[in-house]
>>> print(open('target_13.pdb').read())   # PDB, C-alpha atoms, pLDDT in the B column
ATOM      1  CA  MET A1344     -17.037 -20.133 -11.365  1.00 48.00           C
ATOM      2  CA  ARG A1345     -17.775 -21.613  -7.953  1.00 55.00           C
ATOM      3  CA  LEU A1346     -16.055 -19.854  -5.049  1.00 52.00           C
ATOM      4  CA  ALA A1347     -14.013 -22.936  -4.068  1.00 53.00           C
ATOM      5  CA  THR A1348     -12.804 -23.330  -7.665  1.00 61.00           C
ATOM      6  CA  LYS A1349     -11.931 -19.631  -7.910  1.00 58.00           C
ATOM      7  CA  GLU A1350     -10.014 -19.726  -4.620  1.00 62.00           C
ATOM      8  CA  THR A1351      -8.095 -22.792  -5.814  1.00 61.00           C
ATOM      9  CA  ALA A1352      -7.182 -21.006  -9.060  1.00 64.00           C
ATOM     10  CA  LEU A1353      -6.050 -17.933  -7.112  1.00 70.00           C
ATOM     11  CA  ARG A1354      -3.713 -20.016  -4.952  1.00 72.00           C
ATOM     12  CA  GLU A1355      -1.868 -20.994  -8.129  1.00 82.00           C
ATOM     13  CA  LEU A1356      -1.052 -17.361  -8.935  1.00 92.00           C
ATOM     14  CA  PRO A1357       2.397 -16.137  -7.857  1.00 93.00           C
ATOM     15  CA  TYR A1358       3.122 -13.458  -5.278  1.00 94.00           C
ATOM     16  CA  ARG A1359       4.304 -10.058  -6.482  1.00 95.00           C
ATOM     17  CA  PRO A1360       7.789  -9.321  -5.080  1.00 97.00           C
ATOM     18  CA  GLY A1361       7.844  -6.209  -2.948  1.00 97.00           C
ATOM     19  CA  VAL A1362       9.322  -4.373  -0.002  1.00 98.00           C
ATOM     20  CA  GLY A1363       7.921  -2.703   3.078  1.00 98.00           C
ATOM     21  CA  ILE A1364       9.438  -0.111   5.372  1.00 98.00           C
ATOM     22  CA  MET A1365       8.839   0.331   9.087  1.00 98.00           C
ATOM     23  CA  LEU A1366      10.101   3.902   9.404  1.00 98.00           C
ATOM     24  CA  LEU A1367      10.806   4.824  13.017  1.00 98.00           C
ATOM     25  CA  ASN A1368      11.299   8.361  14.276  1.00 97.00           C
ATOM     26  CA  ARG A1369      13.538   9.450  17.151  1.00 95.00           C
ATOM     27  CA  ASP A1370      10.716   8.747  19.625  1.00 96.00           C
ATOM     28  CA  GLY A1371      10.215   5.162  18.417  1.00 96.00           C
ATOM     29  CA  LEU A1372       6.960   5.973  16.624  1.00 97.00           C
ATOM     30  CA  VAL A1373       6.140   4.444  13.236  1.00 98.00           C
ATOM     31  CA  PHE A1374       5.208   6.357  10.069  1.00 98.00           C
ATOM     32  CA  VAL A1375       1.856   5.509   8.493  1.00 97.00           C
ATOM     33  CA  GLY A1376       0.183   7.073   5.488  1.00 97.00           C
ATOM     34  CA  GLN A1377      -3.495   7.085   4.631  1.00 95.00           C
ATOM     35  CA  ARG A1378      -4.034   5.645   1.155  1.00 91.00           C
ATOM     36  CA  ILE A1379      -5.532   7.932  -1.487  1.00 90.00           C
ATOM     37  CA  ASP A1380      -7.414   5.079  -3.186  1.00 81.00           C
ATOM     38  CA  ARG A1381      -9.291   4.014  -0.078  1.00 72.00           C
ATOM     39  CA  THR A1382     -13.020   3.490   0.213  1.00 68.00           C
ATOM     40  CA  THR A1383     -12.708   3.351   3.997  1.00 73.00           C
ATOM     41  CA  GLU A1384     -10.017   4.574   6.360  1.00 79.00           C
ATOM     42  CA  ALA A1385      -6.869   2.656   5.404  1.00 85.00           C
ATOM     43  CA  TRP A1386      -3.424   3.413   6.790  1.00 94.00           C
ATOM     44  CA  GLN A1387      -0.225   1.605   5.933  1.00 95.00           C
ATOM     45  CA  MET A1388       3.527   1.787   6.165  1.00 97.00           C
ATOM     46  CA  PRO A1389       5.404   2.629   2.939  1.00 97.00           C
ATOM     47  CA  GLN A1390       5.665  -0.356   0.620  1.00 96.00           C
ATOM     48  CA  GLY A1391       5.808  -1.234  -3.032  1.00 95.00           C
ATOM     49  CA  GLY A1392       7.031  -3.508  -5.763  1.00 95.00           C
ATOM     50  CA  ILE A1393      10.572  -4.421  -6.682  1.00 97.00           C
ATOM     51  CA  ASP A1394      11.546  -3.490 -10.238  1.00 94.00           C
ATOM     52  CA  ASP A1395      13.177  -6.090 -12.500  1.00 92.00           C
ATOM     53  CA  ASP A1396      16.824  -6.670 -11.505  1.00 93.00           C
ATOM     54  CA  GLU A1397      16.481  -4.273  -8.537  1.00 96.00           C
ATOM     55  CA  ASP A1398      18.009  -5.100  -5.176  1.00 97.00           C
ATOM     56  CA  PRO A1399      15.328  -5.167  -2.455  1.00 97.00           C
ATOM     57  CA  ARG A1400      17.247  -2.669  -0.283  1.00 97.00           C
ATOM     58  CA  GLU A1401      17.482  -0.250  -3.197  1.00 97.00           C
ATOM     59  CA  ALA A1402      13.762  -0.753  -3.809  1.00 98.00           C
ATOM     60  CA  ALA A1403      13.017   0.110  -0.175  1.00 98.00           C
ATOM     61  CA  PHE A1404      14.841   3.453  -0.377  1.00 98.00           C
ATOM     62  CA  ARG A1405      13.259   4.178  -3.779  1.00 97.00           C
ATOM     63  CA  GLU A1406       9.780   3.439  -2.453  1.00 96.00           C
ATOM     64  CA  LEU A1407      10.393   5.670   0.543  1.00 96.00           C
ATOM     65  CA  LYS A1408      11.373   8.566  -1.737  1.00 97.00           C
ATOM     66  CA  GLU A1409       8.450   7.910  -4.110  1.00 96.00           C
ATOM     67  CA  GLU A1410       5.852   7.689  -1.352  1.00 96.00           C
ATOM     68  CA  ILE A1411       6.920  10.247   1.242  1.00 97.00           C
ATOM     69  CA  GLY A1412       9.212  12.542  -0.742  1.00 96.00           C
ATOM     70  CA  THR A1413      12.382  11.766   1.211  1.00 96.00           C
ATOM     71  CA  ASP A1414      14.712   8.850   1.758  1.00 96.00           C
ATOM     72  CA  ARG A1415      16.578  10.398   4.686  1.00 97.00           C
ATOM     73  CA  ALA A1416      16.771   7.199   6.670  1.00 98.00           C
ATOM     74  CA  GLU A1417      19.280   4.626   7.791  1.00 98.00           C
ATOM     75  CA  LEU A1418      18.763   0.899   7.580  1.00 98.00           C
ATOM     76  CA  VAL A1419      18.497  -0.644  11.044  1.00 97.00           C
ATOM     77  CA  ALA A1420      17.272  -4.189  10.387  1.00 98.00           C
ATOM     78  CA  GLU A1421      15.655  -6.409   7.778  1.00 97.00           C
ATOM     79  CA  SER A1422      13.215  -9.266   8.042  1.00 97.00           C
ATOM     80  CA  GLY A1423      14.746 -12.712   8.209  1.00 96.00           C
ATOM     81  CA  GLY A1424      12.749 -13.846   5.197  1.00 96.00           C
ATOM     82  CA  TRP A1425       9.947 -12.900   2.874  1.00 97.00           C
ATOM     83  CA  LEU A1426       6.556 -12.178   4.430  1.00 98.00           C
ATOM     84  CA  THR A1427       3.372 -12.690   2.423  1.00 96.00           C
ATOM     85  CA  TYR A1428      -0.206 -11.563   2.291  1.00 94.00           C
ATOM     86  CA  ASP A1429      -3.052 -12.647   0.050  1.00 93.00           C
ATOM     87  CA  LEU A1430      -5.486 -10.212  -1.514  1.00 90.00           C
ATOM     88  CA  PRO A1431      -9.179 -10.757  -0.862  1.00 88.00           C
ATOM     89  CA  VAL A1432     -10.740 -12.753  -3.721  1.00 85.00           C
ATOM     90  CA  GLU A1433     -12.718  -9.721  -4.931  1.00 83.00           C
ATOM     91  CA  LEU A1434      -9.508  -7.644  -5.387  1.00 83.00           C
ATOM     92  CA  VAL A1435      -7.366 -10.161  -7.271  1.00 81.00           C
ATOM     93  CA  GLY A1436      -8.785  -9.290 -10.685  1.00 77.00           C
ATOM     94  CA  LYS A1437      -8.599  -5.530  -9.995  1.00 79.00           C
ATOM     95  CA  VAL A1438      -5.059  -5.195  -8.635  1.00 81.00           C
ATOM     96  CA  TRP A1439      -1.879  -5.713 -10.694  1.00 85.00           C
ATOM     97  CA  GLY A1440      -3.866  -6.842 -13.723  1.00 84.00           C
ATOM     98  CA  GLY A1441      -4.971 -10.027 -11.973  1.00 85.00           C
ATOM     99  CA  ARG A1442      -1.477 -11.532 -12.309  1.00 90.00           C
ATOM    100  CA  TYR A1443      -0.775 -11.955  -8.572  1.00 92.00           C
ATOM    101  CA  ARG A1444      -2.544 -13.408  -5.555  1.00 91.00           C
ATOM    102  CA  GLY A1445      -0.840 -10.963  -3.174  1.00 93.00           C
ATOM    103  CA  GLN A1446       2.661  -9.913  -2.297  1.00 95.00           C
ATOM    104  CA  LYS A1447       5.781 -11.461  -0.851  1.00 97.00           C
ATOM    105  CA  GLN A1448       7.698  -8.678   0.814  1.00 98.00           C
ATOM    106  CA  LYS A1449      11.113  -8.133   2.318  1.00 98.00           C
ATOM    107  CA  TRP A1450      10.642  -5.731   5.242  1.00 98.00           C
ATOM    108  CA  TYR A1451      13.144  -3.168   6.475  1.00 98.00           C
ATOM    109  CA  ALA A1452      13.233  -1.224   9.717  1.00 98.00           C
ATOM    110  CA  MET A1453      14.694   2.225   9.138  1.00 98.00           C
ATOM    111  CA  ARG A1454      15.422   5.145  11.431  1.00 98.00           C
ATOM    112  CA  TYR A1455      14.188   8.466  10.032  1.00 98.00           C
ATOM    113  CA  LEU A1456      17.023  11.017  10.020  1.00 98.00           C
ATOM    114  CA  GLY A1457      15.108  14.009   8.695  1.00 97.00           C
ATOM    115  CA  HIS A1458      12.580  16.442  10.093  1.00 97.00           C
ATOM    116  CA  ASP A1459       8.817  16.118   9.766  1.00 97.00           C
ATOM    117  CA  ARG A1460       8.733  19.170   7.479  1.00 97.00           C
ATOM    118  CA  GLU A1461      10.777  17.192   4.908  1.00 97.00           C
ATOM    119  CA  ILE A1462       7.996  14.637   4.464  1.00 98.00           C
ATOM    120  CA  ASP A1463       6.106  15.591   1.302  1.00 96.00           C
ATOM    121  CA  LEU A1464       3.238  13.423   0.092  1.00 97.00           C
ATOM    122  CA  ALA A1465       2.837  15.464  -3.115  1.00 94.00           C
ATOM    123  CA  THR A1466       5.160  13.176  -5.056  1.00 92.00           C
ATOM    124  CA  GLY A1467       5.045  12.304  -8.764  1.00 90.00           C
ATOM    125  CA  HIS A1468       2.478   9.560  -8.122  1.00 90.00           C
ATOM    126  CA  PRO A1469       0.965  10.229  -4.689  1.00 93.00           C
ATOM    127  CA  GLU A1470      -0.222   7.210  -2.728  1.00 92.00           C
ATOM    128  CA  PHE A1471      -1.064   8.917   0.564  1.00 95.00           C
ATOM    129  CA  ASP A1472      -3.173  11.978   1.353  1.00 94.00           C
ATOM    130  CA  ALA A1473      -2.353  12.155   5.074  1.00 95.00           C
ATOM    131  CA  TRP A1474       0.312  10.813   7.401  1.00 97.00           C
ATOM    132  CA  ARG A1475       1.160  10.537  11.082  1.00 97.00           C
ATOM    133  CA  TRP A1476       3.451   8.853  13.595  1.00 98.00           C
ATOM    134  CA  VAL A1477       1.840   6.079  15.672  1.00 97.00           C
ATOM    135  CA  ARG A1478       2.831   3.711  18.443  1.00 97.00           C
ATOM    136  CA  PRO A1479       3.831   0.326  17.021  1.00 96.00           C
ATOM    137  CA  ARG A1480       1.071  -1.461  18.941  1.00 94.00           C
ATOM    138  CA  GLU A1481      -1.531   0.660  17.081  1.00 95.00           C
ATOM    139  CA  LEU A1482      -0.539  -0.676  13.653  1.00 94.00           C
ATOM    140  CA  PRO A1483      -2.743  -3.789  13.376  1.00 93.00           C
ATOM    141  CA  ALA A1484      -5.908  -1.819  14.190  1.00 93.00           C
ATOM    142  CA  LEU A1485      -5.145   0.815  11.526  1.00 93.00           C
ATOM    143  CA  ILE A1486      -4.421  -1.515   8.626  1.00 92.00           C
ATOM    144  CA  VAL A1487      -6.915  -3.100   6.248  1.00 90.00           C
ATOM    145  CA  PRO A1488      -8.026  -6.501   7.613  1.00 91.00           C
ATOM    146  CA  PHE A1489      -6.323  -8.611   4.923  1.00 92.00           C
ATOM    147  CA  LYS A1490      -2.885  -7.203   5.890  1.00 94.00           C
ATOM    148  CA  ARG A1491      -3.246  -7.431   9.690  1.00 95.00           C
ATOM    149  CA  ALA A1492      -1.482 -10.793  10.030  1.00 96.00           C
ATOM    150  CA  LEU A1493       1.397  -9.434   7.931  1.00 96.00           C
ATOM    151  CA  TYR A1494       1.710  -6.377  10.179  1.00 96.00           C
ATOM    152  CA  GLU A1495       1.747  -8.590  13.254  1.00 96.00           C
ATOM    153  CA  GLN A1496       4.601 -10.561  11.655  1.00 97.00           C
ATOM    154  CA  VAL A1497       6.483  -7.311  10.936  1.00 97.00           C
ATOM    155  CA  LEU A1498       6.025  -6.223  14.554  1.00 97.00           C
ATOM    156  CA  ALA A1499       7.358  -9.595  15.723  1.00 96.00           C
ATOM    157  CA  GLU A1500      10.370  -9.363  13.368  1.00 96.00           C
ATOM    158  CA  PHE A1501      11.326  -5.924  14.714  1.00 97.00           C
ATOM    159  CA  ARG A1502      10.176  -6.339  18.319  1.00 96.00           C
ATOM    160  CA  HIS A1503      13.728  -5.814  19.561  1.00 94.00           C
ATOM    161  CA  LEU A1504      13.713  -2.289  18.093  1.00 95.00           C
ATOM    162  CA  LEU A1505      10.353  -1.176  19.438  1.00 91.00           C
ATOM    163  CA  GLN A1506       9.945   0.861  22.613  1.00 76.00           C
ATOM    164  CA  ASN A1507       6.166   0.887  22.984  1.00 56.00           C
TER     165      ASN A1507
END
>>> encode(input="target_13.pdb", output="structure tokens")
Amino acid sequence: MRLATKETALRELPYRPGVGIMLLNRDGLVFVGQRIDRTTEAWQMPQGGIDDDEDPREAAFRELKEEIGTDRAELVAESGGWLTYDLPVELVGKVWGGRYRGQKQKWYAMRYLGHDREIDLATGHPEFDAWRWVRPRELPALIVPFKRALYEQVLAEFRHLLQN
């Protein structure tokens, strides 16, 4: 299939509904985890799909617990709408069974209420093998290129909450 034809076909695929969490600590730093399935260095904020008939807010707290072992957080803000990203063409057939072109996500800013020692990446289905707190402005440089525009949108949505 010619590239132009393949890209046109991909645009007809739906977006997978999901959530993302900008988890802020007491110092205004943002949690990022390094993905286990990476081929290069790839950090991201917690995120994941919404189960059938699940409320996006509930999904956000569930994803937090599933990915970092704790959901000790309070909701501070949510994105005004759904934010999207497209997968690179070469990943579409490998991710989510080729059913989606990318994700549409509802993003939530949450304040972490726990202690660092409560964060446990050894969950039932680990997604991260390392984590750290970073300044918000560092996020776009840490993320895989195809999600950078999304992260810039998230930063813009929550600008009023960010200190640095």
>>> residues_near_point(input="target_13.pdb", point="(18.5, 3.6, -0.6)", cutoff="9 Å", atoms="only C-alpha atoms", output="PyMOL selection string")
chain A and resi 1400-1408+1414-1418
>>> closest_atom_pairs(input="target_13.pdb", of="range 1354-1375 of chain A", to="range 1425-1428 of chain A", cutoff="10 Å", atoms="all atoms listed in the file", output="CSV")
residue,atom,partner,partner_atom,distance
A:Tyr1358,CA,A:Thr1427,CA,7.7
A:Arg1359,CA,A:Thr1427,CA,9.3
A:Pro1360,CA,A:Trp1425,CA,9.0
A:Gly1361,CA,A:Trp1425,CA,9.1
A:Val1362,CA,A:Trp1425,CA,9.0
A:Gly1363,CA,A:Leu1426,CA,9.7
>>> atom_distance(input="target_13.pdb", atom1="CA of Gly1424 in chain A", atom2="CA of Glu1355 in chain A")
21.0 Å
>>> residues_around(input="target_13.pdb", residues="Leu1372 in chain A", least_positions_apart="4", cutoff="6 Å", atoms="only C-alpha atoms", output="CSV table (one decimal) with C-alpha atoms, keeping the file's coordinate frame")
chain,number,residue,atom,x,y,z
A,1367,LEU,CA,10.8,4.8,13.0
A,1368,ASN,CA,11.3,8.4,14.3
A,1476,TRP,CA,3.5,8.9,13.6
A,1477,VAL,CA,1.8,6.1,15.7
A,1478,ARG,CA,2.8,3.7,18.4
>>> resolve_selection(input="target_13.pdb", expression="the PyMOL selection byres ((chain A and resi 1480) around 10)", output="mmCIF file with C-alpha atoms, in the coordinates of the input")
data_model
loop_
_atom_site.group_PDB
_atom_site.id
_atom_site.type_symbol
_atom_site.label_atom_id
_atom_site.label_comp_id
_atom_site.auth_asym_id
_atom_site.auth_seq_id
_atom_site.Cartn_x
_atom_site.Cartn_y
_atom_site.Cartn_z
ATOM 1 C CA LEU A 1372 6.960 5.973 16.624
ATOM 2 C CA VAL A 1373 6.140 4.444 13.236
ATOM 3 C CA VAL A 1477 1.840 6.079 15.672
ATOM 4 C CA ARG A 1478 2.831 3.711 18.443
ATOM 5 C CA PRO A 1479 3.831 0.326 17.021
ATOM 6 C CA GLU A 1481 -1.531 0.660 17.081
ATOM 7 C CA LEU A 1482 -0.539 -0.676 13.653
ATOM 8 C CA PRO A 1483 -2.743 -3.789 13.376
ATOM 9 C CA ALA A 1484 -5.908 -1.819 14.190
ATOM 10 C CA LEU A 1485 -5.145 0.815 11.526
ATOM 11 C CA GLU A 1495 1.747 -8.590 13.254
ATOM 12 C CA LEU A 1498 6.025 -6.223 14.554
ATOM 13 C CA LEU A 1505 10.353 -1.176 19.438
ATOM 14 C CA GLN A 1506 9.945 0.861 22.613
ATOM 15 C CA ASN A 1507 6.166 0.887 22.984
#
>>> closest_residue(input="target_13.pdb", among="A:Val1438, A:Leu1430, A:Val1497, A:Met1453", to="Gly1371 in chain A", atoms="all atoms listed in the file")
A:Met1453
>>> closest_residue(input="target_13.pdb", among="A:Ile1364, A:Leu1353, A:Ile1486, A:Ala1465", to="Tyr1451 in chain A", atoms="all atoms listed in the file")
A:Ile1364
>>> atom_distance(input="target_13.pdb", atom1="CA of Gln1387 in chain A", atom2="CA of Val1375 in chain A")
5.1 Å
>>> closest_residue(input="target_13.pdb", among="A:Phe1489, A:Thr1413, A:Asp1398, A:Thr1383", to="Asp1459 in chain A", atoms="all atoms listed in the file")
A:Thr1413
>>> atom_distance(input="target_13.pdb", atom1="CA of Pro1488 in chain A", atom2="CA of Ala1420 in chain A")
25.6 Å
>>> residues_around(input="target_13.pdb", residues="Gly1412 in chain A", least_positions_apart="4", cutoff="7 Å", atoms="only C-alpha atoms", output="list in words")
Lys1408, Ile1462, Asp1463, Leu1464 and Thr1466 of chain A
